[in-house]
file coords-v7.cif (mmCIF, C-alpha atoms (C1' of nucleotides))
data_target
loop_
_atom_site.label_atom_id
_atom_site.label_comp_id
_atom_site.auth_asym_id
_atom_site.auth_seq_id
_atom_site.Cartn_x
_atom_site.Cartn_y
_atom_site.Cartn_z
CA MET A 1 206.86 160.04 33.87
CA LYS A 2 203.93 158.09 35.25
CA MET A 3 204.76 154.50 36.12
CA THR A 4 202.59 151.58 35.10
CA PRO A 5 201.32 149.35 37.93
CA LEU A 6 203.97 146.81 36.91
CA HIS A 7 206.73 149.37 37.25
CA GLN A 8 205.34 150.57 40.53
CA GLU A 9 205.22 147.18 42.15
CA PHE A 10 208.66 146.26 40.90
CA VAL A 11 210.16 149.54 42.04
CA LEU A 12 208.52 149.26 45.44
CA HIS A 13 209.80 145.73 45.88
CA PHE A 14 213.36 146.73 45.07
CA GLY A 15 213.01 149.56 47.52
CA GLU A 16 211.94 147.22 50.29
CA MET A 17 214.63 144.67 49.49
CA GLY A 18 217.25 147.38 49.30
CA SER A 19 218.04 147.29 52.99
CA ARG A 20 218.59 143.51 52.87
CA TRP A 21 220.86 143.94 49.86
CA GLY A 22 223.01 146.53 51.56
CA ILE A 23 221.73 149.54 49.68
CA ASN A 24 219.11 152.03 50.76
CA ARG A 25 215.54 152.26 49.62
CA THR A 26 215.93 154.95 47.03
CA VAL A 27 219.02 153.40 45.51
CA GLY A 28 217.05 150.20 45.06
CA GLN A 29 214.18 152.09 43.50
CA ILE A 30 216.39 154.01 41.11
CA TYR A 31 217.97 150.78 39.97
CA ALA A 32 214.60 149.10 39.50
CA LEU A 33 213.29 151.99 37.47
CA LEU A 34 216.29 151.97 35.15
CA PHE A 35 216.21 148.21 34.88
CA LEU A 36 212.70 148.22 33.43
CA SER A 37 213.16 151.21 31.20
CA SER A 38 213.94 150.49 27.56
CA ALA A 39 215.32 153.98 27.01
CA PRO A 40 217.90 155.71 29.23
CA LEU A 41 216.44 158.15 31.75
CA ASN A 42 217.80 161.44 32.99
CA ALA A 43 218.02 162.47 36.60
CA ASP A 44 214.95 164.67 36.48
CA GLN A 45 212.81 161.87 35.13
CA ILE A 46 213.99 159.60 37.93
CA THR A 47 213.43 162.32 40.52
CA GLU A 48 209.90 162.89 39.34
CA ALA A 49 208.96 159.22 38.95
CA LEU A 50 210.12 158.36 42.45
CA GLY A 51 209.05 161.57 44.16
CA ILE A 52 212.44 162.13 45.77
CA SER A 53 214.76 165.12 45.80
CA ARG A 54 217.09 165.90 42.97
CA SER A 55 220.10 165.60 45.25
CA ASN A 56 219.00 162.21 46.47
CA THR A 57 218.81 161.04 42.87
CA SER A 58 222.29 162.36 42.27
CA MET A 59 223.71 160.49 45.24
CA GLY A 60 221.88 157.31 44.35
CA LEU A 61 223.16 157.37 40.79
CA LYS A 62 226.65 157.99 42.05
CA GLU A 63 226.49 154.93 44.26
CA LEU A 64 225.04 152.74 41.51
CA GLN A 65 227.77 153.87 39.14
CA SER A 66 230.41 153.05 41.72
CA TRP A 67 228.98 149.53 41.77
CA GLY A 68 229.12 149.44 37.98
CA LEU A 69 225.41 148.66 37.92
CA VAL A 70 224.37 151.84 36.14
CA LEU A 71 226.03 153.48 33.14
CA ARG A 72 226.03 157.08 31.96
CA LYS A 73 224.79 157.54 28.43
CA HIS A 74 224.97 160.73 26.40
CA LEU A 75 221.97 161.17 24.18
CA PRO A 76 222.71 163.32 21.13
CA GLY A 77 220.78 166.57 21.15
CA ASP A 78 220.22 166.54 24.90
CA ARG A 79 222.55 168.22 27.28
CA LYS A 80 221.39 166.17 30.24
CA GLU A 81 223.13 163.02 31.33
CA HIS A 82 221.13 159.86 30.86
CA PHE A 83 221.45 156.56 32.68
CA THR A 84 220.82 152.87 31.98
CA THR A 85 221.51 149.43 33.32
CA PRO A 86 223.55 147.12 31.10
CA ASP A 87 221.39 145.05 28.73
CA ASP A 88 223.23 141.83 29.44
CA LEU A 89 221.85 140.22 32.58
CA TRP A 90 224.88 137.99 32.94
CA LEU A 91 227.09 141.01 33.01
CA ILE A 92 224.90 142.48 35.72
CA VAL A 93 225.13 139.34 37.83
CA ARG A 94 228.88 139.08 37.35
CA THR A 95 229.27 142.69 38.43
CA LEU A 96 227.07 142.20 41.46
CA ILE A 97 228.96 139.15 42.67
CA GLU A 98 232.35 140.73 42.04
CA GLU A 99 231.43 143.90 43.93
CA ARG A 100 229.94 142.07 46.87
CA LYS A 101 233.00 139.86 47.09
CA LYS A 102 235.15 142.97 47.05
CA ARG A 103 233.18 144.61 49.85
CA GLU A 104 232.16 141.66 52.00
CA ILE A 105 234.86 139.03 51.65
CA ASP A 106 238.17 140.47 50.50
CA PRO A 107 238.66 142.73 53.54
CA THR A 108 238.14 139.76 55.84
CA LEU A 109 240.53 137.57 53.89
CA SER A 110 243.16 140.29 54.22
CA LYS A 111 242.51 140.62 57.91
CA LEU A 112 242.81 136.87 58.50
CA ARG A 113 246.15 136.77 56.68
CA GLU A 114 247.31 139.74 58.68
CA LEU A 115 246.37 138.03 61.92
CA GLU A 116 248.23 134.89 60.93
CA MET A 117 251.29 136.99 60.11
CA GLN A 118 251.41 138.20 63.67
CA GLY A 119 252.54 134.71 64.56
CA PRO A 120 251.50 132.31 67.31
CA GLY A 121 250.32 133.92 70.48
CA GLY A 122 249.46 130.88 72.53
CA ASP A 123 245.79 130.33 71.74
CA ASP A 124 246.03 127.24 69.58
CA TYR A 125 242.32 126.79 69.14
CA ALA A 126 241.67 130.33 67.94
CA GLU A 127 244.67 130.25 65.66
CA ALA A 128 243.58 126.98 64.08
CA ARG A 129 240.08 128.31 63.65
CA ILE A 130 241.37 131.40 61.88
CA ALA A 131 243.63 129.35 59.62
CA GLU A 132 240.78 127.04 58.75
CA LEU A 133 238.50 129.95 57.93
CA ARG A 134 241.17 131.53 55.76
CA GLU A 135 241.70 128.29 53.86
CA MET A 136 238.00 127.89 53.30
CA ILE A 137 237.61 131.42 51.97
CA GLU A 138 240.63 130.93 49.72
CA MET A 139 239.18 127.76 48.28
CA MET A 140 235.86 129.41 47.57
CA THR A 141 237.26 132.60 46.11
CA GLU A 142 239.67 130.66 43.91
CA PHE A 143 236.78 128.62 42.61
CA TYR A 144 234.83 131.77 42.04
CA ASP A 145 237.73 133.32 40.13
CA ASP A 146 237.91 130.26 37.91
CA MET A 147 234.21 130.40 37.19
CA ALA A 148 234.22 134.13 36.61
CA ARG A 149 236.85 133.68 33.93
CA LEU A 150 234.63 131.36 31.85
CA GLU A 151 232.59 132.77 29.00
CA THR A 152 228.92 132.92 29.71
CA GLU A 153 228.09 130.14 27.28
CA LYS A 154 230.29 127.67 29.17
CA LEU A 155 229.01 128.87 32.48
CA VAL A 156 225.44 128.18 31.42
CA ARG A 157 226.42 124.76 30.20
CA LEU A 158 228.09 124.04 33.49
CA MET A 159 225.21 125.26 35.61
CA THR A 160 222.65 123.36 33.63
CA TYR A 161 224.71 120.26 34.15
CA GLY A 162 224.02 120.66 37.83
CA SER A 163 224.33 117.70 40.11
CA ARG A 164 225.67 115.45 37.36
CA LEU A 165 228.92 117.34 37.69
CA ALA A 166 229.80 115.40 40.78
CA GLY A 167 229.46 112.10 38.98
CA LEU A 168 231.55 113.44 36.17
CA ILE A 169 234.40 114.26 38.49
CA ASP A 170 234.23 110.84 40.05
CA LYS A 171 234.67 109.25 36.66
CA VAL A 172 237.65 111.36 35.69
CA GLY A 173 239.39 110.13 38.78
CA GLY A 174 240.14 111.51 42.16
CA TYR A 175 243.79 112.28 42.31
CA LEU A 176 243.07 115.08 44.68
CA PRO A 177 243.98 115.23 48.35
CA SER A 178 241.32 114.26 50.83
CA THR A 179 238.91 116.73 52.37
CA LYS A 180 240.06 116.96 55.95
CA SER A 181 243.03 119.19 56.61
CA MET B 1 236.93 137.19 80.41
CA LYS B 2 239.80 139.24 79.07
CA MET B 3 240.38 138.84 75.37
CA THR B 4 243.79 138.23 73.84
CA PRO B 5 244.95 140.77 71.22
CA LEU B 6 244.11 138.18 68.57
CA HIS B 7 240.56 137.86 69.86
CA GLN B 8 240.20 141.60 70.11
CA GLU B 9 241.27 142.32 66.57
CA PHE B 10 239.13 139.54 65.17
CA VAL B 11 236.09 140.62 67.15
CA LEU B 12 236.57 144.24 66.16
CA HIS B 13 236.86 143.30 62.51
CA PHE B 14 233.65 141.28 62.59
CA GLY B 15 231.97 144.20 64.26
CA GLU B 16 233.03 146.58 61.52
CA MET B 17 232.11 144.16 58.74
CA GLY B 18 228.76 143.46 60.38
CA SER B 19 226.99 146.32 58.70
CA ARG B 20 228.19 145.17 55.27
CA TRP B 21 227.01 141.66 56.06
CA GLY B 22 223.54 142.77 57.02
CA ILE B 23 223.91 142.34 60.76
CA ASN B 24 224.74 144.96 63.33
CA ARG B 25 228.02 145.52 65.07
CA THR B 26 227.33 143.67 68.28
CA VAL B 27 225.84 140.67 66.51
CA GLY B 28 229.03 140.45 64.48
CA GLN B 29 231.13 140.72 67.60
CA ILE B 30 229.18 138.09 69.49
CA TYR B 31 229.56 135.71 66.61
CA ALA B 32 233.30 136.39 66.33
CA LEU B 33 233.78 135.80 70.03
CA LEU B 34 231.98 132.47 69.95
CA PHE B 35 233.75 131.44 66.78
CA LEU B 36 237.17 131.70 68.41
CA SER B 37 236.17 130.19 71.72
CA SER B 38 236.94 126.51 72.18
CA ALA B 39 234.44 126.20 75.02
CA PRO B 40 230.83 127.40 74.91
CA LEU B 41 230.25 130.77 76.56
CA ASN B 42 227.30 131.99 78.58
CA ALA B 43 225.55 135.29 78.08
CA ASP B 44 227.27 136.98 81.00
CA GLN B 45 230.71 136.11 79.70
CA ILE B 46 229.80 137.56 76.32
CA THR B 47 228.32 140.66 77.92
CA GLU B 48 231.44 141.28 79.92
CA ALA B 49 233.93 140.53 77.16
CA LEU B 50 232.24 142.92 74.74
CA GLY B 51 231.24 145.56 77.24
CA ILE B 52 227.63 145.64 76.10
CA SER B 53 224.37 145.33 77.99
CA ARG B 54 222.92 142.03 79.03
CA SER B 55 219.80 142.66 76.99
CA ASN B 56 221.81 143.45 73.90
CA THR B 57 223.57 140.13 74.26
CA SER B 58 220.25 138.40 74.58
CA MET B 59 218.92 139.98 71.40
CA GLY B 60 222.11 139.30 69.50
CA LEU B 61 222.10 135.65 70.49
CA LYS B 62 218.48 135.39 69.50
CA GLU B 63 219.25 136.71 66.05
CA LEU B 64 222.26 134.45 65.58
CA GLN B 65 220.19 131.46 66.61
CA SER B 66 217.50 132.41 64.11
CA TRP B 67 220.21 132.29 61.46
CA GLY B 68 221.29 128.89 62.73
CA LEU B 69 224.80 130.25 63.22
CA VAL B 70 224.86 129.83 66.97
CA LEU B 71 223.68 126.86 69.01
CA ARG B 72 222.49 126.61 72.61
CA LYS B 73 224.43 124.16 74.70
CA HIS B 74 223.54 123.00 78.19
CA LEU B 75 226.57 122.41 80.30
CA PRO B 76 226.00 119.88 83.08
CA GLY B 77 226.27 121.42 86.53
CA ASP B 78 225.59 124.94 85.30
CA ARG B 79 222.15 126.42 85.21
CA LYS B 80 223.11 129.06 82.66
CA GLU B 81 222.61 128.60 78.95
CA HIS B 82 225.82 128.35 76.95
CA PHE B 83 226.40 129.09 73.30
CA THR B 84 228.73 127.93 70.53
CA THR B 85 229.21 128.07 66.79
CA PRO B 86 229.16 124.73 64.95
CA ASP B 87 232.62 123.16 64.68
CA ASP B 88 232.21 122.28 61.03
CA LEU B 89 233.11 125.28 58.89
CA TRP B 90 231.40 123.81 55.86
CA LEU B 91 228.19 123.58 57.78
CA ILE B 92 228.57 127.21 58.75
CA VAL B 93 229.09 128.26 55.16
CA ARG B 94 226.16 126.18 53.95
CA THR B 95 223.94 127.76 56.59
CA LEU B 96 225.09 131.25 55.71
CA ILE B 97 224.42 130.84 52.02
CA GLU B 98 221.07 129.17 52.59
CA GLU B 99 219.90 131.90 54.94
CA ARG B 100 221.05 134.71 52.73
CA LYS B 101 219.34 133.13 49.76
CA LYS B 102 216.17 132.86 51.83
CA ARG B 103 216.28 136.51 52.83
CA GLU B 104 217.76 138.18 49.79
CA ILE B 105 216.70 136.15 46.77
CA ASP B 106 213.63 134.03 47.43
CA PRO B 107 211.30 136.98 48.13
CA THR B 108 212.30 138.57 44.84
CA LEU B 109 211.82 135.35 42.91
CA SER B 110 208.31 135.10 44.34
CA LYS B 111 207.58 138.69 43.48
CA LEU B 112 208.75 138.24 39.90
CA ARG B 113 206.54 135.20 39.45
CA GLU B 114 203.65 137.10 40.95
CA LEU B 115 204.19 139.99 38.54
CA GLU B 116 204.27 137.63 35.59
CA MET B 117 201.03 136.03 36.79
CA GLN B 118 199.30 139.36 36.48
CA GLY B 119 199.57 138.92 32.74
CA PRO B 120 200.62 141.23 29.95
CA GLY B 121 199.97 144.88 30.53
CA GLY B 122 201.36 146.39 27.38
CA ASP B 123 204.93 147.14 28.34
CA ASP B 124 206.72 144.47 26.34
CA TYR B 125 210.20 145.57 27.28
CA ALA B 126 209.60 145.58 31.01
CA GLU B 127 207.81 142.26 30.86
CA ALA B 128 210.63 140.65 28.92
CA ARG B 129 213.15 142.08 31.33
CA ILE B 130 211.29 140.63 34.28
CA ALA B 131 210.93 137.24 32.63
CA GLU B 132 214.62 137.18 31.81
CA LEU B 133 215.55 138.08 35.36
CA ARG B 134 213.28 135.37 36.72
CA GLU B 135 214.82 132.77 34.42
CA MET B 136 218.30 133.80 35.43
CA ILE B 137 217.52 133.56 39.14
CA GLU B 138 215.89 130.20 38.60
CA MET B 139 218.92 128.85 36.80
CA MET B 140 221.23 130.04 39.53
CA THR B 141 219.13 128.84 42.44
CA GLU B 142 218.61 125.46 40.80
CA PHE B 143 222.35 125.13 40.38
CA TYR B 144 222.82 126.16 43.97
CA ASP B 145 220.29 123.57 45.13
CA ASP B 146 222.15 120.87 43.22
CA MET B 147 225.44 121.87 44.76
CA ALA B 148 223.99 122.17 48.24
CA ARG B 149 222.81 118.59 48.03
CA LEU B 150 226.33 117.22 47.45
CA GLU B 151 228.34 115.91 50.36
CA THR B 152 231.17 118.15 51.36
CA GLU B 153 233.81 115.79 50.09
CA LYS B 154 232.42 115.94 46.56
CA LEU B 155 231.97 119.67 46.76
CA VAL B 156 235.62 120.11 47.65
CA ARG B 157 236.64 117.87 44.81
CA LEU B 158 234.52 119.89 42.43
CA MET B 159 235.77 123.24 43.60
CA THR B 160 239.38 122.19 43.48
CA TYR B 161 238.81 121.06 39.92
CA GLY B 162 238.07 124.68 39.11
CA SER B 163 238.38 125.90 35.57
CA ARG B 164 239.09 122.43 34.22
CA LEU B 165 235.40 121.72 34.76
CA ALA B 166 234.55 123.64 31.62
CA GLY B 167 236.82 121.47 29.49
CA LEU B 168 235.32 118.40 31.10
CA ILE B 169 231.85 119.39 30.07
CA ASP B 170 232.99 120.10 26.55
CA LYS B 171 234.35 116.61 26.27
CA VAL B 172 231.20 114.95 27.54
CA GLY B 173 229.31 116.70 24.81
CA GLY B 174 227.06 119.66 24.53
CA TYR B 175 223.55 118.40 24.02
CA LEU B 176 222.21 121.39 25.82
CA PRO B 177 220.27 124.24 24.27
CA SER B 178 222.19 127.36 23.35
CA THR B 179 222.66 130.29 25.71
CA LYS B 180 220.52 133.00 24.22
CA SER B 181 216.83 132.78 24.89
"C1'" DT C 1 203.94 125.65 95.03
"C1'" DC C 2 207.17 129.05 96.08
"C1'" DT C 3 211.68 131.16 95.30
"C1'" DC C 4 215.09 132.97 92.89
"C1'" DA C 5 218.79 132.67 89.36
"C1'" DG C 6 218.51 133.42 84.90
"C1'" DT C 7 216.43 135.14 80.50
"C1'" DT C 8 213.52 137.89 77.54
"C1'" DT C 9 210.83 141.79 76.39
"C1'" DC C 10 210.01 146.46 75.65
"C1'" DA C 11 209.59 151.49 76.08
"C1'" DG C 12 212.71 155.10 75.99
"C1'" DT C 13 217.01 157.01 74.28
"C1'" DA C 14 221.28 157.12 71.71
"C1'" DA C 15 223.62 156.46 67.45
"C1'" DT C 16 223.55 155.92 62.75
"C1'" DT C 17 221.93 156.42 58.23
"C1'" DA C 18 219.02 158.58 54.71
"C1'" DC C 19 217.18 162.63 52.67
"C1'" DT C 20 216.57 167.56 51.57
"C1'" DG C 21 217.34 172.37 49.99
"C1'" DA C 22 220.55 175.62 49.04
"C1'" DA C 23 224.89 176.84 47.57
"C1'" DA C 24 229.06 175.63 45.00
"C1'" DA C 25 231.02 173.55 41.12
"C1'" DT C 26 231.05 172.00 36.46
"C1'" DT C 27 229.96 171.76 31.66
"C1'" DC C 28 229.04 173.30 27.25
"C1'" DG C 29 226.96 176.30 23.61
"C1'" DG C 30 227.74 180.67 21.95
"C1'" DC D 1 235.83 183.19 28.03
"C1'" DC D 2 230.91 184.14 29.50
"C1'" DG D 3 226.69 182.64 31.25
"C1'" DA D 4 222.85 179.57 31.51
"C1'" DA D 5 221.86 174.81 32.33
"C1'" DT D 6 222.92 171.00 34.87
"C1'" DT D 7 225.14 168.31 38.42
"C1'" DT D 8 227.39 167.68 42.84
"C1'" DT D 9 228.34 168.68 47.50
"C1'" DC D 10 227.23 169.41 52.10
"C1'" DA D 11 225.26 171.08 56.48
"C1'" DG D 12 221.07 170.50 58.67
"C1'" DT D 13 217.14 167.57 59.66
"C1'" DA D 14 214.23 163.49 59.42
"C1'" DA D 15 213.83 158.61 59.69
"C1'" DT D 16 215.55 154.40 60.99
"C1'" DT D 17 218.11 151.24 63.60
"C1'" DA D 18 220.77 149.85 67.69
"C1'" DC D 19 221.23 149.74 72.56
"C1'" DT D 20 219.99 150.14 77.45
"C1'" DG D 21 217.80 149.49 82.04
"C1'" DA D 22 213.98 148.04 84.29
"C1'" DA D 23 210.25 145.16 84.56
"C1'" DA D 24 208.06 140.82 83.24
"C1'" DC D 25 208.61 136.24 82.54
"C1'" DT D 26 210.45 131.30 82.98
"C1'" DG D 27 211.64 127.19 84.92
"C1'" DA D 28 214.31 124.18 88.11
"C1'" DG D 29 215.23 123.04 92.93
"C1'" DA D 30 213.63 123.09 97.66
#
call {"tool": "encode", "arguments": {"input": "coords-v7.cif", "output": "structure tokens"}}
result
Amino acid sequence: MKMTPLHQEFVLHFGEMGSRWGINRTVGQIYALLFLSSAPLNADQITEALGISRSNTSMGLKELQSWGLVLRKHLPGDRKEHFTTPDDLWLIVRTLIEERKKREIDPTLSKLRELEMQGPGGDDYAEARIAELREMIEMMTEFYDDMARLETEKLVRLMTYGSRLAGLIDKVGGYLPSTKS
Amino acid sequence: MKMTPLHQEFVLHFGEMGSRWGINRTVGQIYALLFLSSAPLNADQITEALGISRSNTSMGLKELQSWGLVLRKHLPGDRKEHFTTPDDLWLIVRTLIEERKKREIDPTLSKLRELEMQGPGGDDYAEARIAELREMIEMMTEFYDDMARLETEKLVRLMTYGSRLAGLIDKVGGYLPSTKS
DNA sequence: TCTCAGTTTCAGTAATTACTGAAAATTCGG
DNA sequence: CCGAATTTTCAGTAATTACTGAAACTGAGA
């Protein structure tokens, strides 16, 4: 399992970026390795290619599977588990966004609602600020949900349409309430 | 500088979420405190409210300013520096997204382009995978750039339009190339 | 220009997170 | 159901990151 220079640089980059992406170095490297590999790899191959311990590989794969970014694959005639990334890049991106939303946004949205439930406590400014933040997050997550429901083909069409979208909306007519709450 | 229960819970939550958001606990707490405060606070007030060291406050504020999430504010008649978060939540969100893109996506886009520059090295699968990833990131960042350029009012209109956008595009006509590359 | 309130820097230390090897658990062919 | 192959868990340790106090620096008023 010797890596080509291309693999090496890619794997190293994902390792470095890992900490910024909220995963650790080896998890990033494992993902990178699987991403570039046309055939599924088993844990020993990953362990050897990255020069890490077998247990570290096991933990890394576990985390990546919990994210839905890596899939187990049984190869016939081999007792060992093998692993891949999904072929479809769009699926990967959808998964990534969904998981990050789940971990980074949803808990805060819940907390904000919970705080509002506790009713007014006298600090009008803080309460308004919290309500405003909650509304903003709701608007963005609802938009995200709508977009996530679209098939990829429509999503691509929409994204390629880019800034012209705004003009389009103008034309259709603005029956919507104004911006400021 | 005693915090109300509302402040406390909010600050604590931001502290806990900090690590998921790629900042540390105290940076999250400082931000939370400033976010809920109607008047700008000085470093000593922050230090006392959070029970952290003066130097920690200084470093946290420095980081938040580098993100553009916290602004210095000189109060007349007081020699101390004061700090606030921008009033406009949309501005805050725009800043957040822009900065995270800068830190988490742009370096990878550069790296991918760099790897492609190095020319074919024989691993067709890996090279195709990298090219596909680069194209995907380009499409998404270009879309983001388009959206970021819109005034907030239009952005709100667009987001509220949600899933109906897809139908809209259909109607206007699909002159665009098909999805699969 | 000197003073001093205020701020930043930084070396040392504490706290957290990542990684390892060994042992326990699981899985599957026989 | 047994036993070898494989995977997972976990306590201990290494590496990294966060935090502190003290010292250095800054800049406005006298």
call {"tool": "closest_atom_pairs", "arguments": {"input": "coords-v7.cif", "of": "chain B", "to": "chain D", "cutoff": "8 Å", "atoms": "only C-alpha atoms (C1' of nucleotides)", "output": "Markdown table"}}
result
| residue | atom | partner | partner_atom | distance |
| --- | --- | --- | --- | --- |
| B:Asn24 | CA | D:DA18 | C1' | 7.7 |
| B:Ser53 | CA | D:DT20 | C1' | 6.5 |
| B:Ser55 | CA | D:DT20 | C1' | 7.5 |
| B:Asn56 | CA | D:DC19 | C1' | 6.5 |
call {"tool": "interface_residues", "arguments": {"input": "coords-v7.cif", "of": "chain A", "to": "chain C", "cutoff": "12 Å", "atoms": "only C-alpha atoms (C1' of nucleotides)", "output": "PyMOL selection string"}}
result
chain A and resi 19+22-27+51-60+77-81
call {"tool": "write_last_selection", "arguments": {"input": "coords-v7.cif", "atoms": "C-alpha atoms", "output": "mmCIF file, in the frame of the given file"}}
result
data_model
loop_
_atom_site.group_PDB
_atom_site.id
_atom_site.type_symbol
_atom_site.label_atom_id
_atom_site.label_comp_id
_atom_site.auth_asym_id
_atom_site.auth_seq_id
_atom_site.Cartn_x
_atom_site.Cartn_y
_atom_site.Cartn_z
ATOM 1 C CA SER A 19 218.040 147.290 52.990
ATOM 2 C CA GLY A 22 223.010 146.530 51.560
ATOM 3 C CA ILE A 23 221.730 149.540 49.680
ATOM 4 C CA ASN A 24 219.110 152.030 50.760
ATOM 5 C CA ARG A 25 215.540 152.260 49.620
ATOM 6 C CA THR A 26 215.930 154.950 47.030
ATOM 7 C CA VAL A 27 219.020 153.400 45.510
ATOM 8 C CA GLY A 51 209.050 161.570 44.160
ATOM 9 C CA ILE A 52 212.440 162.130 45.770
ATOM 10 C CA SER A 53 214.760 165.120 45.800
ATOM 11 C CA ARG A 54 217.090 165.900 42.970
ATOM 12 C CA SER A 55 220.100 165.600 45.250
ATOM 13 C CA ASN A 56 219.000 162.210 46.470
ATOM 14 C CA THR A 57 218.810 161.040 42.870
ATOM 15 C CA SER A 58 222.290 162.360 42.270
ATOM 16 C CA MET A 59 223.710 160.490 45.240
ATOM 17 C CA GLY A 60 221.880 157.310 44.350
ATOM 18 C CA GLY A 77 220.780 166.570 21.150
ATOM 19 C CA ASP A 78 220.220 166.540 24.900
ATOM 20 C CA ARG A 79 222.550 168.220 27.280
ATOM 21 C CA LYS A 80 221.390 166.170 30.240
ATOM 22 C CA GLU A 81 223.130 163.020 31.330
#
call {"tool": "resolve_selection", "arguments": {"input": "coords-v7.cif", "expression": "the PyMOL selection byres ((chain A) within 8 of (chain B))", "output": "VMD selection string"}}
result
chain A and resid 6 to 7 13 17 20 to 22 35 to 38 89 103 to 104 108 111 115 121 125 to 126 129 to 130 132 to 133 136 139 to 140 142 to 143 146 to 147 150 152 to 160 162 to 163 165 to 166 169 174 176 178 to 179
call {"tool": "atom_distance", "arguments": {"input": "coords-v7.cif", "atom1": "atom CA of Glu135 of chain B", "atom2": "atom CA of Glu63 of chain A"}}
result
26.9 Å
call {"tool": "resolve_selection", "arguments": {"input": "coords-v7.cif", "expression": "the PyMOL selection byres ((chain B and resi 42) around 9)", "output": "ChimeraX atom specification"}}
result
/B:40-41,43-47,80-83
call {"tool": "atom_distance", "arguments": {"input": "coords-v7.cif", "atom1": "atom CA of Gly28 of chain B", "atom2": "atom CA of Glu99 of chain A"}}
result
21.0 Å
call {"tool": "axis_aligned_box", "arguments": {"input": "coords-v7.cif", "around": "segment 72-91 of chain A", "padding_each_side": "5 Å", "output": "JSON"}}
result
{"center_x": 223.7, "center_y": 153.1, "center_z": 27.2, "size_x": 16.9, "size_y": 40.2, "size_z": 22.2}
call {"tool": "atom_distance", "arguments": {"input": "coords-v7.cif", "atom1": "atom CA of Glu138 of chain B", "atom2": "atom CA of Leu96 of chain B"}}
result
19.5 Å
call {"tool": "build_atoms", "arguments": {"input": "coords-v7.cif", "residues": "segment 66-81 of chain B", "atoms": "N, CA and C atoms", "output": "PDB file, in the frame of the given file"}}
result
ATOM      1  N   SER B  66     218.486 132.447  65.191  1.00  0.00           N
ATOM      2  CA  SER B  66     217.500 132.410  64.110  1.00  0.00           C
ATOM      3  C   SER B  66     218.175 132.166  62.758  1.00  0.00           C
ATOM      4  N   TRP B  67     219.431 132.575  62.664  1.00  0.00           N
ATOM      5  CA  TRP B  67     220.210 132.290  61.460  1.00  0.00           C
ATOM      6  C   TRP B  67     220.756 130.861  61.473  1.00  0.00           C
ATOM      7  N   GLY B  68     220.696 130.216  62.617  1.00  0.00           N
ATOM      8  CA  GLY B  68     221.290 128.890  62.730  1.00  0.00           C
ATOM      9  C   GLY B  68     222.807 128.938  62.843  1.00  0.00           C
ATOM     10  N   LEU B  69     223.346 130.107  63.160  1.00  0.00           N
ATOM     11  CA  LEU B  69     224.800 130.250  63.220  1.00  0.00           C
ATOM     12  C   LEU B  69     225.349 130.034  64.621  1.00  0.00           C
ATOM     13  N   VAL B  70     224.453 130.053  65.585  1.00  0.00           N
ATOM     14  CA  VAL B  70     224.860 129.830  66.970  1.00  0.00           C
ATOM     15  C   VAL B  70     223.900 128.826  67.601  1.00  0.00           C
ATOM     16  N   LEU B  71     224.479 127.916  68.385  1.00  0.00           N
ATOM     17  CA  LEU B  71     223.680 126.860  69.010  1.00  0.00           C
ATOM     18  C   LEU B  71     223.693 126.983  70.522  1.00  0.00           C
ATOM     19  N   ARG B  72     222.549 126.693  71.143  1.00  0.00           N
ATOM     20  CA  ARG B  72     222.490 126.610  72.610  1.00  0.00           C
ATOM     21  C   ARG B  72     223.174 125.316  73.035  1.00  0.00           C
ATOM     22  N   LYS B  73     223.801 125.366  74.176  1.00  0.00           N
ATOM     23  CA  LYS B  73     224.430 124.160  74.700  1.00  0.00           C
ATOM     24  C   LYS B  73     224.290 124.134  76.215  1.00  0.00           C
ATOM     25  N   HIS B  74     223.656 123.109  76.722  1.00  0.00           N
ATOM     26  CA  HIS B  74     223.540 123.000  78.190  1.00  0.00           C
ATOM     27  C   HIS B  74     224.777 122.336  78.739  1.00  0.00           C
ATOM     28  N   LEU B  75     225.442 123.028  79.631  1.00  0.00           N
ATOM     29  CA  LEU B  75     226.570 122.410  80.300  1.00  0.00           C
ATOM     30  C   LEU B  75     226.093 121.810  81.611  1.00  0.00           C
ATOM     31  N   PRO B  76     226.438 120.530  81.843  1.00  0.00           N
ATOM     32  CA  PRO B  76     226.000 119.880  83.080  1.00  0.00           C
ATOM     33  C   PRO B  76     226.593 120.591  84.289  1.00  0.00           C
ATOM     34  N   GLY B  77     225.774 120.782  85.302  1.00  0.00           N
ATOM     35  CA  GLY B  77     226.270 121.420  86.530  1.00  0.00           C
ATOM     36  C   GLY B  77     226.220 122.942  86.472  1.00  0.00           C
ATOM     37  N   ASP B  78     225.737 123.486  85.363  1.00  0.00           N
ATOM     38  CA  ASP B  78     225.590 124.940  85.300  1.00  0.00           C
ATOM     39  C   ASP B  78     224.183 125.267  84.807  1.00  0.00           C
ATOM     40  N   ARG B  79     223.538 126.104  85.543  1.00  0.00           N
ATOM     41  CA  ARG B  79     222.150 126.420  85.210  1.00  0.00           C
ATOM     42  C   ARG B  79     222.070 127.341  83.985  1.00  0.00           C
ATOM     43  N   LYS B  80     223.127 128.108  83.757  1.00  0.00           N
ATOM     44  CA  LYS B  80     223.110 129.060  82.660  1.00  0.00           C
ATOM     45  C   LYS B  80     223.163 128.386  81.288  1.00  0.00           C
ATOM     46  N   GLU B  81     222.507 129.031  80.336  1.00  0.00           N
ATOM     47  CA  GLU B  81     222.610 128.600  78.950  1.00  0.00           C
ATOM     48  C   GLU B  81     224.005 128.923  78.432  1.00  0.00           C
TER      49      GLU B  81
END
